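So this one's coords_24.cif, mmCIF, C-alpha atoms and all ligand atoms:
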```cif
data_structure
loop_
_atom_site.label_atom_id
_atom_site.label_comp_id
_atom_site.auth_asym_id
_atom_site.auth_seq_id
_atom_site.Cartn_x
_atom_site.Cartn_y
_atom_site.Cartn_z
CA MET A 1 96.36 101.41 98.34
CA CYS A 2 93.24 103.49 97.91
CA VAL A 3 93.88 104.92 94.51
CA GLY A 4 90.70 104.89 92.48
CA LEU A 5 91.21 104.80 88.74
CA SER A 6 88.75 105.55 86.00
CA ALA A 7 88.71 103.01 83.21
CA LYS A 8 86.86 102.26 80.00
CA VAL A 9 84.99 98.98 79.71
CA ILE A 10 86.11 96.85 76.74
CA SER A 11 84.06 93.71 77.36
CA VAL A 12 81.92 92.14 80.08
CA LYS A 13 81.24 88.48 80.77
CA ASP A 14 79.97 86.59 83.84
CA GLY A 15 80.55 89.38 86.31
CA VAL A 16 84.06 90.06 85.05
CA ALA A 17 84.98 93.06 82.89
CA MET A 18 88.04 93.75 80.81
CA VAL A 19 88.90 97.44 81.15
CA ASP A 20 91.35 99.84 79.63
CA CYS A 21 92.97 101.98 82.28
CA THR A 22 94.98 104.63 80.40
CA GLY A 23 96.43 102.02 78.08
CA ALA A 24 96.85 99.17 80.56
CA LYS A 25 94.34 96.34 80.12
CA ARG A 26 93.08 94.63 83.21
CA GLU A 27 90.42 92.19 84.34
CA ILE A 28 88.23 93.51 87.11
CA SER A 29 85.11 92.39 88.93
CA ALA A 30 81.89 93.80 87.49
CA GLU A 31 79.84 92.09 90.19
CA LEU A 32 78.49 95.33 91.66
CA LEU A 33 77.23 96.98 88.49
CA ASP A 34 74.28 95.79 86.42
CA ASN A 35 73.97 96.56 82.73
CA LEU A 36 77.60 97.40 82.21
CA GLU A 37 78.38 97.73 78.52
CA PRO A 38 81.49 98.14 76.41
CA GLY A 39 82.27 101.84 76.13
CA ASP A 40 81.02 102.69 79.65
CA TYR A 41 83.39 104.42 82.04
CA VAL A 42 83.78 103.06 85.56
CA MET A 43 85.64 103.92 88.75
CA VAL A 44 87.83 100.99 89.78
CA HIS A 45 88.96 100.31 93.35
CA ALA A 46 90.96 97.27 94.46
CA GLY A 47 90.11 95.30 91.35
CA CYS A 48 86.41 96.04 91.43
CA ALA A 49 84.27 98.52 89.48
CA ILE A 50 82.48 100.50 92.19
CA ALA A 51 80.53 103.04 90.13
CA LYS A 52 79.66 104.08 86.62
CA ILE A 53 80.96 107.54 85.87
CA THR A 54 79.17 110.18 83.91
CA ASP A 55 80.34 113.53 82.56
CA ASP A 56 83.76 115.06 82.86
CA ASP A 57 85.01 117.02 85.85
CA LYS A 58 84.73 120.39 84.10
CA SER A 59 81.00 120.35 83.48
CA GLU A 60 80.57 118.85 86.93
CA SER A 61 82.41 121.74 88.51
CA GLU A 62 80.35 124.33 86.59
CA LYS A 63 77.14 122.66 87.68
CA VAL A 64 78.15 122.38 91.34
CA LEU A 65 79.26 126.01 91.46
CA LYS A 66 76.05 127.22 89.83
CA GLU A 67 73.83 125.25 92.17
CA ASN A 68 75.56 126.32 95.34
CA GLN A 69 75.86 130.05 95.02
CA ALA A 70 73.06 132.35 95.97
CA MET B 1 79.55 138.15 96.63
CA THR B 2 80.46 138.07 92.95
CA SER B 3 79.69 134.75 91.43
CA ILE B 4 82.48 132.20 90.96
CA THR B 5 82.24 130.21 87.76
CA ASP B 6 85.56 128.53 87.06
CA THR B 7 88.80 127.25 88.53
CA SER B 8 90.74 130.47 88.15
CA ASP B 9 88.01 132.31 90.13
CA LEU B 10 88.11 129.52 92.72
CA LYS B 11 91.86 129.71 93.03
CA LYS B 12 91.73 133.45 93.52
CA TYR B 13 88.96 133.11 96.10
CA LEU B 14 90.89 130.51 98.10
CA GLU B 15 94.09 132.55 97.84
CA THR B 16 92.60 135.81 99.02
CA TYR B 17 89.97 134.55 101.48
CA ASP B 18 89.98 136.86 104.47
CA GLY B 19 86.94 135.79 106.47
CA PRO B 20 86.92 133.99 109.81
CA GLU B 21 89.57 131.31 110.20
CA VAL B 22 88.29 127.88 109.10
CA ARG B 23 89.46 124.30 109.65
CA ILE B 24 88.69 121.72 106.97
CA MET B 25 89.53 118.06 107.51
CA GLU B 26 90.30 116.02 104.45
CA VAL B 27 89.28 112.58 105.67
CA CYS B 28 90.70 110.63 102.78
CA GLY B 29 94.38 109.80 102.37
CA THR B 30 94.15 110.18 98.62
CA HIS B 31 92.81 113.71 99.13
CA THR B 32 95.76 114.48 101.42
CA HIS B 33 98.15 113.20 98.80
CA GLU B 34 96.48 114.96 95.85
CA ILE B 35 96.16 118.29 97.65
CA PHE B 36 99.91 118.21 98.28
CA ARG B 37 100.80 116.92 94.84
CA GLN B 38 98.80 119.60 93.10
CA GLY B 39 100.35 122.28 95.24
CA ILE B 40 96.98 123.47 96.58
CA ARG B 41 98.32 124.04 100.09
CA ASN B 42 100.92 126.45 98.73
CA PHE B 43 98.42 129.08 97.67
CA LEU B 44 95.65 128.67 100.26
CA SER B 45 94.99 131.75 102.36
CA PRO B 46 96.50 131.39 105.85
CA LYS B 47 92.94 131.61 107.17
CA ILE B 48 92.15 128.21 105.66
CA ASN B 49 93.62 125.36 107.71
CA LEU B 50 93.64 121.90 106.22
CA ILE B 51 93.79 118.98 108.62
CA SER B 52 94.78 115.55 107.34
CA GLY B 53 92.31 113.21 109.00
CA PRO B 54 92.15 109.48 109.66
CA GLY B 55 91.27 108.27 106.17
CA CYS B 56 94.41 106.41 105.21
CA PRO B 57 93.64 102.77 106.01
CA VAL B 58 97.31 101.86 106.26
CA CYS B 59 97.89 104.69 108.75
CA VAL B 60 95.08 103.69 111.10
CA THR B 61 95.90 99.98 111.11
CA PRO B 62 97.23 99.17 114.60
CA ALA B 63 100.69 97.71 115.16
CA SER B 64 99.04 94.64 116.71
CA TYR B 65 97.49 93.86 113.33
CA ILE B 66 100.93 93.72 111.71
CA ASP B 67 102.01 91.43 114.56
CA GLU B 68 99.15 89.10 113.70
CA ALA B 69 100.21 89.01 110.04
CA VAL B 70 103.85 88.42 111.00
CA TYR B 71 102.71 85.58 113.29
CA LEU B 72 100.78 83.96 110.42
CA ALA B 73 103.79 84.27 108.10
CA LEU B 74 106.47 83.04 110.49
CA GLU B 75 104.72 80.75 112.97
CA LYS B 76 101.97 79.29 110.80
CA GLY B 77 103.77 79.28 107.47
CA CYS B 78 100.91 81.09 105.73
CA THR B 79 101.41 82.99 102.50
CA ILE B 80 100.51 86.60 103.23
CA THR B 81 98.98 88.46 100.30
CA THR B 82 98.63 92.21 100.66
CA PHE B 83 98.59 95.66 99.11
CA GLY B 84 102.17 96.84 98.81
CA ASP B 85 102.07 99.69 101.29
CA LEU B 86 101.38 97.46 104.30
CA VAL B 87 104.66 95.59 103.84
CA ARG B 88 106.82 98.27 105.45
CA VAL B 89 104.49 99.29 108.27
CA PRO B 90 106.24 98.63 111.58
CA GLY B 91 104.52 96.20 113.93
CA ASN B 92 105.31 96.07 117.64
CA VAL B 93 107.94 93.46 116.92
CA LYS B 94 108.76 93.69 113.23
CA SER B 95 107.37 94.59 109.84
CA LEU B 96 106.29 92.13 107.15
CA GLN B 97 109.39 93.17 105.23
CA GLN B 98 111.50 91.86 108.10
CA ALA B 99 109.37 88.74 108.30
CA ARG B 100 110.02 88.17 104.61
CA ALA B 101 113.77 88.52 105.17
CA GLU B 102 113.45 85.79 107.80
CA GLY B 103 111.82 83.42 105.35
CA GLY B 104 108.15 84.40 105.62
CA LYS B 105 106.21 84.37 102.38
CA VAL B 106 104.77 87.82 101.67
CA LYS B 107 103.29 88.50 98.26
CA VAL B 108 102.07 91.85 96.98
CA VAL B 109 98.87 91.61 94.96
CA TYR B 110 96.76 94.11 93.05
CA SER B 111 93.51 93.13 94.74
CA PRO B 112 91.89 90.63 97.11
CA ILE B 113 90.27 89.10 94.05
CA ASP B 114 93.74 88.34 92.68
CA ALA B 115 94.76 86.95 96.09
CA GLU B 116 91.88 84.45 95.90
CA LYS B 117 92.98 83.48 92.38
CA TYR B 118 96.49 82.90 93.70
CA ALA B 119 95.10 80.63 96.43
CA LYS B 120 93.14 78.67 93.84
CA ASP B 121 96.30 78.16 91.78
CA HIS B 122 98.38 77.17 94.83
CA PRO B 123 96.32 74.63 96.76
CA GLU B 124 99.39 73.56 98.77
CA GLU B 125 99.65 77.02 100.42
CA GLN B 126 97.44 78.56 103.11
CA VAL B 127 96.82 82.03 101.73
CA VAL B 128 95.75 84.98 103.88
CA PHE B 129 94.80 88.36 102.44
CA LEU B 130 95.33 91.43 104.64
CA SER B 131 91.91 92.96 104.45
CA VAL B 132 92.26 96.61 105.46
CA GLY B 133 90.37 99.56 104.07
CA PHE B 134 87.17 101.52 104.25
CA GLU B 135 83.78 101.14 102.59
CA THR B 136 85.42 101.52 99.19
CA THR B 137 87.67 98.46 99.34
CA THR B 138 85.53 96.23 101.55
CA PRO B 139 83.24 95.05 98.69
CA SER B 140 86.31 93.64 96.90
CA ASP B 141 87.34 91.77 100.03
CA VAL B 142 83.90 90.26 100.29
CA ILE B 143 83.85 89.32 96.61
CA SER B 144 87.11 87.42 97.15
CA VAL B 145 85.42 85.34 99.88
CA GLN B 146 82.40 84.81 97.67
CA ASN B 147 84.73 83.58 94.90
CA ALA B 148 86.50 81.23 97.32
CA ILE B 149 83.15 79.72 98.26
CA LYS B 150 82.20 79.42 94.59
CA ASP B 151 85.57 77.85 93.74
CA LYS B 152 85.23 75.49 96.72
CA ILE B 153 88.74 76.21 97.97
CA ASN B 154 89.64 75.98 101.64
CA ASN B 155 93.10 77.57 101.61
CA PHE B 156 92.02 81.21 101.53
CA ALA B 157 91.13 83.52 104.42
CA LEU B 158 90.95 87.22 105.28
CA LEU B 159 92.71 88.88 108.20
CA THR B 160 90.17 91.65 108.63
CA ALA B 161 90.81 95.15 109.91
CA ASN B 162 88.19 96.81 107.71
CA LYS B 163 86.87 100.06 109.04
CA THR B 164 83.79 102.16 108.48
CA MET B 165 83.65 105.93 108.35
CA PRO B 166 80.54 106.95 110.30
CA GLY B 167 82.12 106.30 113.70
CA ALA B 168 85.23 108.25 112.72
CA TYR B 169 83.16 111.21 111.50
CA GLU B 170 81.48 111.30 114.91
CA ALA B 171 84.72 110.87 116.81
CA MET B 172 86.54 113.66 114.96
CA ALA B 173 83.70 116.15 114.57
CA SER B 174 85.06 118.56 117.17
CA SER B 175 88.46 118.71 115.44
CA THR B 176 87.11 120.45 112.35
CA ASP B 177 84.60 123.01 111.05
CA ALA B 178 83.82 120.95 107.97
CA TYR B 179 84.75 117.65 106.41
CA LEU B 180 85.98 117.11 102.91
CA TYR B 181 84.18 113.80 102.62
CA PRO B 182 85.93 110.95 100.76
CA GLY B 183 84.24 110.66 97.36
CA HIS B 184 84.70 106.95 96.89
CA VAL B 185 83.41 105.99 100.32
CA HIS B 186 80.19 107.82 99.50
CA ALA B 187 80.06 106.24 96.04
CA ILE B 188 79.31 103.11 98.08
CA ILE B 189 77.28 104.35 101.06
CA GLY B 190 75.50 107.26 99.39
CA THR B 191 74.79 110.68 100.86
CA GLN B 192 72.16 110.15 103.57
CA LEU B 193 74.76 110.03 106.35
CA CYS B 194 76.16 113.43 105.30
CA LYS B 195 72.67 114.91 105.25
CA ASP B 196 72.03 113.56 108.75
CA MET B 197 75.36 114.97 109.93
CA ALA B 198 74.40 118.42 108.58
CA GLU B 199 71.09 118.20 110.49
CA ARG B 200 73.14 117.60 113.62
CA GLY B 201 75.33 120.60 112.85
CA VAL B 202 78.32 118.84 111.26
CA SER B 203 79.12 120.30 107.84
CA GLY B 204 80.88 118.79 104.88
CA THR B 205 81.37 118.49 101.14
CA ILE B 206 81.89 115.29 99.16
CA ALA B 207 84.94 115.82 96.99
CA GLY B 208 86.38 114.16 93.93
CA PHE B 209 90.06 113.78 93.22
CA THR B 210 91.05 115.84 90.20
CA GLY B 211 92.47 119.35 90.62
CA GLU B 212 89.21 120.79 89.30
CA GLU B 213 87.16 118.75 91.75
CA LEU B 214 89.31 119.52 94.75
CA LEU B 215 89.30 123.25 94.08
CA THR B 216 85.54 123.19 93.60
CA ALA B 217 84.94 121.27 96.80
CA LEU B 218 87.29 123.45 98.85
CA GLY B 219 85.86 126.65 97.38
CA ILE B 220 82.26 125.62 98.08
CA THR B 221 83.22 124.53 101.60
CA VAL B 222 84.81 127.87 102.47
CA MET B 223 81.92 129.84 100.93
CA LYS B 224 79.34 127.81 102.83
CA LEU B 225 81.27 128.06 106.10
CA ALA B 226 81.33 131.82 105.62
CA GLU B 227 77.52 131.75 105.41
CA GLY B 228 77.56 130.29 108.92
CA LYS B 229 74.88 127.58 108.61
CA PRO B 230 75.54 123.81 108.77
CA PHE B 231 75.57 122.41 105.23
CA PHE B 232 76.14 119.43 103.04
CA VAL B 233 77.13 119.58 99.36
CA ASN B 234 77.83 116.73 96.98
CA ALA B 235 80.55 118.22 94.78
CA TYR B 236 81.30 114.89 93.09
CA PRO B 237 77.97 114.03 91.45
CA ARG B 238 79.54 112.37 88.41
CA VAL B 239 80.46 109.45 90.68
CA VAL B 240 78.47 109.82 93.90
CA THR B 241 74.70 109.38 93.79
CA ASP B 242 72.33 109.77 96.74
CA ALA B 243 71.72 106.03 96.84
CA GLY B 244 75.39 105.05 96.52
CA SER B 245 75.79 101.43 95.55
CA PRO B 246 73.00 99.28 97.01
CA ALA B 247 74.65 96.22 95.39
CA ALA B 248 77.90 96.86 97.28
CA CYS B 249 76.09 97.46 100.57
CA ALA B 250 74.03 94.29 100.12
CA ILE B 251 77.01 92.04 99.49
CA VAL B 252 78.92 93.53 102.43
CA ASP B 253 75.90 93.01 104.73
CA LYS B 254 75.61 89.43 103.60
CA TYR B 255 79.11 88.46 104.73
CA LEU B 256 80.14 90.97 107.37
CA LYS B 257 78.88 92.29 110.69
CA PRO B 258 79.88 95.41 112.63
CA CYS B 259 82.51 95.21 115.36
CA ASP B 260 84.51 97.61 117.51
CA ALA B 261 87.79 98.65 115.94
CA GLU B 262 91.14 100.00 117.08
CA TRP B 263 92.45 102.95 115.07
CA ARG B 264 96.19 103.36 115.30
CA GLY B 265 97.01 106.42 117.33
CA ILE B 266 93.35 107.20 118.07
CA GLY B 267 92.17 104.14 119.97
CA MET B 268 88.97 102.16 120.05
CA ILE B 269 85.96 103.55 118.19
CA PRO B 270 82.87 101.45 118.98
CA GLY B 271 81.16 99.89 115.99
CA SER B 272 83.67 101.35 113.53
CA GLY B 273 84.83 98.07 112.02
CA VAL B 274 83.44 95.03 110.26
CA GLU B 275 84.36 91.35 110.49
CA LEU B 276 83.16 88.13 108.89
CA LYS B 277 79.93 86.70 110.26
CA ASP B 278 80.22 83.48 112.28
CA GLU B 279 78.94 81.32 109.45
CA TYR B 280 81.99 82.37 107.39
CA ALA B 281 84.50 81.57 110.16
CA ASP B 282 86.36 79.24 107.76
CA TYR B 283 87.45 82.35 105.85
CA ASP B 284 88.40 84.34 108.96
CA ALA B 285 92.16 83.96 109.45
CA ARG B 286 91.93 84.77 113.18
CA LYS B 287 89.59 81.87 113.82
CA LYS B 288 90.97 79.50 111.23
CA HIS B 289 94.61 79.82 112.30
CA SER B 290 93.95 80.53 116.03
CA ILE B 291 95.97 83.72 116.35
CA PRO B 292 96.75 84.64 119.98
CA LYS B 293 95.72 88.09 121.25
CA MET B 294 98.44 90.64 120.46
CA GLU B 295 99.32 93.64 122.60
CA TYR B 296 97.81 96.77 121.06
CA GLU B 297 100.66 99.25 120.71
CA LYS B 298 104.01 99.83 122.35
CA LYS B 299 105.35 103.33 122.84
CA THR B 300 107.55 104.62 120.04
CA GLY B 301 107.18 108.38 120.43
CA CYS B 302 105.14 108.47 117.22
CA LYS B 303 102.54 111.22 117.23
CA CYS B 304 100.35 109.85 114.44
CA GLY B 305 97.33 109.99 116.71
CA ASN B 306 97.72 113.73 117.20
CA VAL B 307 98.41 114.23 113.51
CA LEU B 308 95.31 112.28 112.49
CA GLN B 309 93.18 114.35 114.83
CA GLY B 310 94.58 117.59 113.53
CA GLN B 311 96.17 118.54 116.87
CA ILE B 312 99.63 118.88 115.35
CA LYS B 313 101.15 119.10 111.89
CA PRO B 314 103.52 116.24 110.96
CA ASN B 315 106.56 118.51 111.13
CA GLN B 316 105.71 119.30 114.75
CA CYS B 317 106.40 115.67 115.67
CA PRO B 318 109.90 115.60 117.21
CA LEU B 319 110.77 112.50 115.17
CA PHE B 320 109.68 113.95 111.81
CA GLY B 321 112.37 113.85 109.14
CA LYS B 322 115.06 112.91 111.66
CA VAL B 323 114.44 109.51 113.19
CA CYS B 324 111.32 109.04 111.10
CA ASN B 325 111.47 109.27 107.31
CA PRO B 326 110.12 107.18 104.42
CA ASP B 327 113.20 104.93 104.48
CA HIS B 328 112.87 104.35 108.22
CA PRO B 329 109.24 104.94 109.12
CA VAL B 330 108.47 104.95 112.84
CA GLY B 331 104.74 105.36 112.35
CA ALA B 332 102.37 104.19 109.67
CA CYS B 333 101.64 107.77 108.58
CA MET B 334 105.15 107.88 107.14
CA VAL B 335 104.80 104.63 105.19
CA SER B 336 101.89 105.00 102.85
CA ASP B 337 101.91 107.66 100.13
CA GLU B 338 98.50 108.57 101.48
CA GLY B 339 99.82 109.21 104.98
CA ALA B 340 100.01 112.79 106.16
CA CYS B 341 103.62 112.52 107.36
CA SER B 342 104.77 110.94 104.12
CA ALA B 343 102.98 113.58 102.04
CA PHE B 344 104.52 116.36 104.17
CA TYR B 345 107.94 114.80 103.75
CA MET B 346 107.62 114.14 100.04
CA TYR B 347 106.35 117.57 99.09
CA GLY B 348 108.39 119.49 101.61
CA GLY B 349 105.17 120.66 103.24
CA GLN B 350 106.18 123.17 105.85
CA SER B 351 102.82 124.91 105.87
S1 LIG C 401 106.70 111.83 111.75
FE1 LIG C 401 106.83 109.61 112.04
S2 LIG C 401 106.83 109.34 114.25
FE2 LIG C 401 106.13 111.41 113.87
S3 LIG C 401 103.87 111.25 113.76
FE3 LIG C 401 104.62 111.01 111.68
S4 LIG C 401 104.84 108.81 111.39
FE4 LIG C 401 104.71 109.16 113.60
#
```

Structure rendered as structure tokens:
Amino acid sequence: MCVGLSAKVISVKDGVAMVDCTGAKREISAELLDNLEPGDYVMVHAGCAIAKITDDDKSESEKVLKENQA
Amino acid sequence: MTSITDTSDLKKYLETYDGPEVRIMEVCGTHTHEIFRQGIRNFLSPKINLISGPGCPVCVTPASYIDEAVYLALEKGCTITTFGDLVRVPGNVKSLQQARAEGGKVKVVYSPIDAEKYAKDHPEEQVVFLSVGFETTTPSDVISVQNAIKDKINNFALLTANKTMPGAYEAMASSTDAYLYPGHVHAIIGTQLCKDMAERGVSGTIAGFTGEELLTALGITVMKLAEGKPFFVNAYPRVVTDAGSPAACAIVDKYLKPCDAEWRGIGMIPGSGVELKDEYADYDARKKHSIPKMEYEKKTGCKCGNVLQGQIKPNQCPLFGKVCNPDHPVGACMVSDEGACSAFYMYGGQS
């Protein structure tokens, strides 16, 4: 039940966003995120966008490794 | 130490690690599942022990909770709406699947928000959503209540068993050397708690869910443990910020208040749950439908509690794979894909 999915925002209106989740279109709540715009990527949990996502996991990993090694 | 810059270095490091033995608890059920699915356990050095902790909400939901839902379905004629993986969890008496076979109405939905929509479209039914989950799913539950208030419907309620992580982190701290913190919980609550834990000597790394992110988080955790000082690292910064989601925390605080909570197999952890505030009693299925007090848990021989606390591996449970398997789960850990026993079974985890 806890699977978080990243999705691309297609449109936003009145606290509800239409997102594209690897091809599947779905309406989700955008209640928690201000200034959401088409083209943004979000993390979706239980029908609700919980966070905007930035970057891809590769550059993230490089950054984390660099910052945490003496 | 030579510097590690990419996943192949990380993999090699984790494979050949030969320092002091370390225990790392992955708190989140999705981490448990992904670590198995990606075969990470297969190459980890034997000096790195992964413990599958209490972070699968289905697995820590007590049998008495299922009894309450069954009671609502069969005695009160409510329509139960739920995430699919709760349907097969055994209660003390029966599962919701059995209740459905006896005529109870049990409907699987994608989210609590969809459950509220269903209630709006079916005013003749009393709809109850099974509200289980951690900080990550709780905002959705609350939004469904907010929508019900907005839509002025009075046939929708939550049966809450929502849990919060801080109490569990405290309760399990002696079972592990470091936590692999659940990324999406901290996307909501931020990182301050982890920093405070490190100050008190409890180490951990916030981890994402892709192979790259899991390897990075595990690698950093082992390296930092080898340095011997308590630490905290956010290895999932593309999603988790220090502040988390103030909007999510605010909406949860508006509708819910802390309460003590029973964790299946572990017992009561004070202040580790949330329930609707008194002013929203109309949306609280326990109050609205006057559910009698259910007995907590009858003895089944299930060792989920020991598994969740890292005291045994699933395959050390005498029922594992024999009496208890995904087709006939004895404990909740065998039901959900995120459960440690189910993941062990599915991926043949003998490690
Ligand atoms: S194998 Fe089954 S009975 Fe044993 S701990 Fe896991 S869920 Fe419980």

TODO: With a cut-off of 12 Å and counting only C-alpha atoms, select all residues of chain A in contact with chain B and give the selection as a PyMOL selection string.
DONE: chain A and resi 1-6+15-16+26-34+41-70

TODO: Would you work out the distance separating CA of Met334 in chain B from CA of Arg286 in chain B, expressed in Å to one decimal?
DONE: 27.3 Å

TODO: Could the residues that lie within 8 Å of ligand LIG 401 (chain C), counting only C-alpha atoms and all ligand atoms, be listed as a PyMOL selection string?
DONE: chain B and resi 300-307+314-321+323-325+329-335+340-342
